[in-house]
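Q: I'd like to ask you about the structure that follows.
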Amino acid sequence: MREPPFKGKSVVITGASSGIGRELALQLARQGARLVLAARRSDRLEALAGECQALGAQALATTTDVTIENECAKLIARAADAFGGIDMLINNAGTAQFAGLADLPDLNSFRRVMDVNLYGTVYCTFYALPHLTRSHGRLVNIASLGGFLAVPGSSSYAASKFGVVGFSDAVRMELASKGVSVTLIGPYWVVTELNQHTVDQFGLPDPAAGQAVYTKRMMTAERCAEITLRAAARRRRQVLMGPGLPAAVAKLLVPGFTDKATIAIFLRPALERMRKLRGDVPFDI
Ligand SMILES: NC(=O)c1ccc[n+]([C@@H]2O[C@H](COP(=O)([O-])OP(=O)(O)OC[C@H]3O[C@@H](n4cnc5c(N)ncnc54)[C@H](OP(=O)(O)O)[C@@H]3O)[C@@H](O)[C@H]2O)c1
């Protein structure tokens with residue numbers, strides 16, 4: 001029988017305390033990887049590290065806020081020290097906002113989304129580069145279909161995820177000759193806690209809006225993690241889930257039509273659900 005691709009590999013996962021990150025950790029633990037788990041909620045990370053150890057893996061919980069560059073540097077240094085190097089970094093930590101740009105009182109909440117989704121990815125990648133180069137390793141960035149197609153109300157999320165896509169493309173080309181692969185993942189709807197953490201125009205959690213926006217739950221976090229790890233093992237360039245590929249092609253060929261279709265298929269039903277859930281909507285179109 002073939003050995004699991006990540007057996008004995010040292011893997012850093014950001015945003016491991018819930019959703020897709022947690023599932024990635026558990027599946028890698030079953031393969032016998034050596035894991036460094038990062039997020040802010042230490043209690044959840046410690047519990048997950050215990051679950052991974054019970055599955056036979058080595059696992060370290062490292063409390064990290066990816067918006068703080070120095071904490072990302074420490075996370076990477078700790079991972080390299082603990083396991084003698086890093087074979088794979090999965091930049092997965094993320095957050096979301098649903099609000100019209102004109103309704104933001106200031107740009108603090110916008111900047112926060114950029115800090116988590118884009119700069120968190122940039123910081124961890126930057127500090128992991130020497131280790132990944134040494135191991136001819138793998139960089140895996142969890143973007144979103146929102147990094148290929150924007151919708152009204154998603155300006156901060158789209159800006160951050162389009163940023164992750166461009167960043168990943170540039171870094172992929174820079175690292176290709178060094179034997180490091182960059183795999184970009186564009187999930188569609190995944191059942192996670194993202195809806196609970198989606199913030200409104202004031203940067204406050206707005207679970208009703210999140211529930212309305214993220215209601216078409218099509219994929220489990222388990223399935224998303226499986227697809228991600230298979231793509232990483234094969235060093236694939238990019239995976240777009242759900243309607244991602246046809247939608248991205250349509251956006252290139254017929255952008256105006258695709259914008260209208262996105263509003264009709266995605267935004268209007270979400271606004272309708274939101275009206276039903278809480279009687280109002282943060283903005284209308
Ligand atoms: N769910 C979807 O439908 C969907 C679709 C497309 C893309 N994605 C992407 O998938 C990734 C994972 O999200 P998810 O759906 O699994 O959501 P989730 O369950 O809310 O998980 C998000 C993770 O990010 C961590 N995180 C948030 N802010 C952080 C910070 N400042 N520093 C460190 N960690 C932080 C959270 O942990 P702490 O709160 O403990 O820090 C949590 O572990 C995100 O990048 C998201 O954009 C999700």
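Going through the structure tokens in order, the chains are called A, B, and so on, while each chain numbers its residues from 1 and the ligands are numbered from 1 in the order shown.
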For ligand 1, collect every residue having any atom at a distance of at most 7 Å from a ligand atom (counting only C-alpha atoms and all ligand atoms); output as a ChimeraX atom specification.
A: /A:14-21,38-41,64-67,92-96,116-117,142-146,186-194,197,214
Q: Using DSSP on the backbone coordinates, identify the residues of range 205-270 of chain A assigned to alpha helix (DSSP H); present them as an NGL selection string.
A: :A and (207-213 or 221-233 or 244-253 or 255-262 or 268-270)
Q: Would you mind exporting C-alpha atoms of the selected residues as a PDB file, in the first residue's frame?
A:
ATOM      1  CA  PRO A 207     -24.556  36.186  12.357  1.00  0.00           C
ATOM      2  CA  ALA A 208     -27.968  36.821  10.763  1.00  0.00           C
ATOM      3  CA  ALA A 209     -26.331  38.448   7.754  1.00  0.00           C
ATOM      4  CA  GLY A 210     -23.694  35.715   7.688  1.00  0.00           C
ATOM      5  CA  GLN A 211     -26.372  33.042   7.853  1.00  0.00           C
ATOM      6  CA  ALA A 212     -28.274  34.658   4.980  1.00  0.00           C
ATOM      7  CA  VAL A 213     -25.195  35.130   2.825  1.00  0.00           C
ATOM      8  CA  ALA A 221     -15.502  21.131   5.657  1.00  0.00           C
ATOM      9  CA  GLU A 222     -14.344  17.481   5.478  1.00  0.00           C
ATOM     10  CA  ARG A 223     -14.830  17.401   1.712  1.00  0.00           C
ATOM     11  CA  CYS A 224     -13.181  20.790   1.251  1.00  0.00           C
ATOM     12  CA  ALA A 225     -10.165  19.608   3.278  1.00  0.00           C
ATOM     13  CA  GLU A 226      -9.957  16.366   1.263  1.00  0.00           C
ATOM     14  CA  ILE A 227      -9.923  18.275  -2.047  1.00  0.00           C
ATOM     15  CA  THR A 228      -7.354  20.700  -0.675  1.00  0.00           C
ATOM     16  CA  LEU A 229      -4.983  17.998   0.541  1.00  0.00           C
ATOM     17  CA  ARG A 230      -5.268  16.000  -2.681  1.00  0.00           C
ATOM     18  CA  ALA A 231      -4.420  19.138  -4.691  1.00  0.00           C
ATOM     19  CA  ALA A 232      -1.505  19.944  -2.375  1.00  0.00           C
ATOM     20  CA  ALA A 233      -0.145  16.395  -2.609  1.00  0.00           C
ATOM     21  CA  GLY A 244     -15.986  28.558  -9.848  1.00  0.00           C
ATOM     22  CA  LEU A 245     -14.352  27.630 -13.136  1.00  0.00           C
ATOM     23  CA  PRO A 246     -17.297  28.375 -15.477  1.00  0.00           C
ATOM     24  CA  ALA A 247     -18.076  31.539 -13.515  1.00  0.00           C
ATOM     25  CA  ALA A 248     -14.474  32.773 -13.723  1.00  0.00           C
ATOM     26  CA  VAL A 249     -14.388  32.067 -17.473  1.00  0.00           C
ATOM     27  CA  ALA A 250     -17.746  33.839 -17.937  1.00  0.00           C
ATOM     28  CA  LYS A 251     -16.388  36.829 -16.023  1.00  0.00           C
ATOM     29  CA  LEU A 252     -13.510  37.108 -18.511  1.00  0.00           C
ATOM     30  CA  LEU A 253     -15.662  36.628 -21.603  1.00  0.00           C
ATOM     31  CA  PRO A 255     -18.155  40.499 -17.544  1.00  0.00           C
ATOM     32  CA  GLY A 256     -21.258  42.718 -17.608  1.00  0.00           C
ATOM     33  CA  PHE A 257     -23.568  39.754 -18.008  1.00  0.00           C
ATOM     34  CA  THR A 258     -21.733  37.837 -15.269  1.00  0.00           C
ATOM     35  CA  ASP A 259     -22.086  40.779 -12.855  1.00  0.00           C
ATOM     36  CA  LYS A 260     -25.841  40.869 -13.467  1.00  0.00           C
ATOM     37  CA  ALA A 261     -26.135  37.102 -13.128  1.00  0.00           C
ATOM     38  CA  THR A 262     -24.136  37.168  -9.863  1.00  0.00           C
ATOM     39  CA  ARG A 268     -30.909  39.182  -4.317  1.00  0.00           C
ATOM     40  CA  PRO A 269     -31.781  35.812  -2.747  1.00  0.00           C
ATOM     41  CA  ALA A 270     -29.339  36.563   0.101  1.00  0.00           C
TER      42      ALA A 270
END
Q: Please identify the strand (DSSP E) residues within range 28-132 of chain A (assignment by DSSP from backbone atoms) and present them as a PDB file with C-alpha atoms, in the first residue's frame.
A:
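What landed in selection32.pdb:
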ATOM      1  CA  ARG A  34       3.647  16.604  12.309  1.00  0.00           C
ATOM      2  CA  LEU A  35       1.382  19.584  12.901  1.00  0.00           C
ATOM      3  CA  VAL A  36       1.708  23.124  14.135  1.00  0.00           C
ATOM      4  CA  LEU A  37      -1.773  24.529  14.702  1.00  0.00           C
ATOM      5  CA  ALA A  38      -2.304  28.278  14.794  1.00  0.00           C
ATOM      6  CA  ALA A  39      -5.267  30.555  15.620  1.00  0.00           C
ATOM      7  CA  GLN A  58       2.597  14.960  16.699  1.00  0.00           C
ATOM      8  CA  ALA A  59       0.800  18.273  17.173  1.00  0.00           C
ATOM      9  CA  LEU A  60       1.637  21.614  18.745  1.00  0.00           C
ATOM     10  CA  ALA A  61      -0.867  24.370  19.501  1.00  0.00           C
ATOM     11  CA  THR A  62       0.583  27.843  18.943  1.00  0.00           C
ATOM     12  CA  THR A  63      -1.671  30.774  19.775  1.00  0.00           C
ATOM     13  CA  MET A  88       4.007  22.753   4.039  1.00  0.00           C
ATOM     14  CA  LEU A  89       2.366  26.002   5.110  1.00  0.00           C
ATOM     15  CA  ILE A  90      -1.407  26.254   4.758  1.00  0.00           C
ATOM     16  CA  ASN A  91      -2.597  29.863   4.969  1.00  0.00           C
TER      17      ASN A  91
END
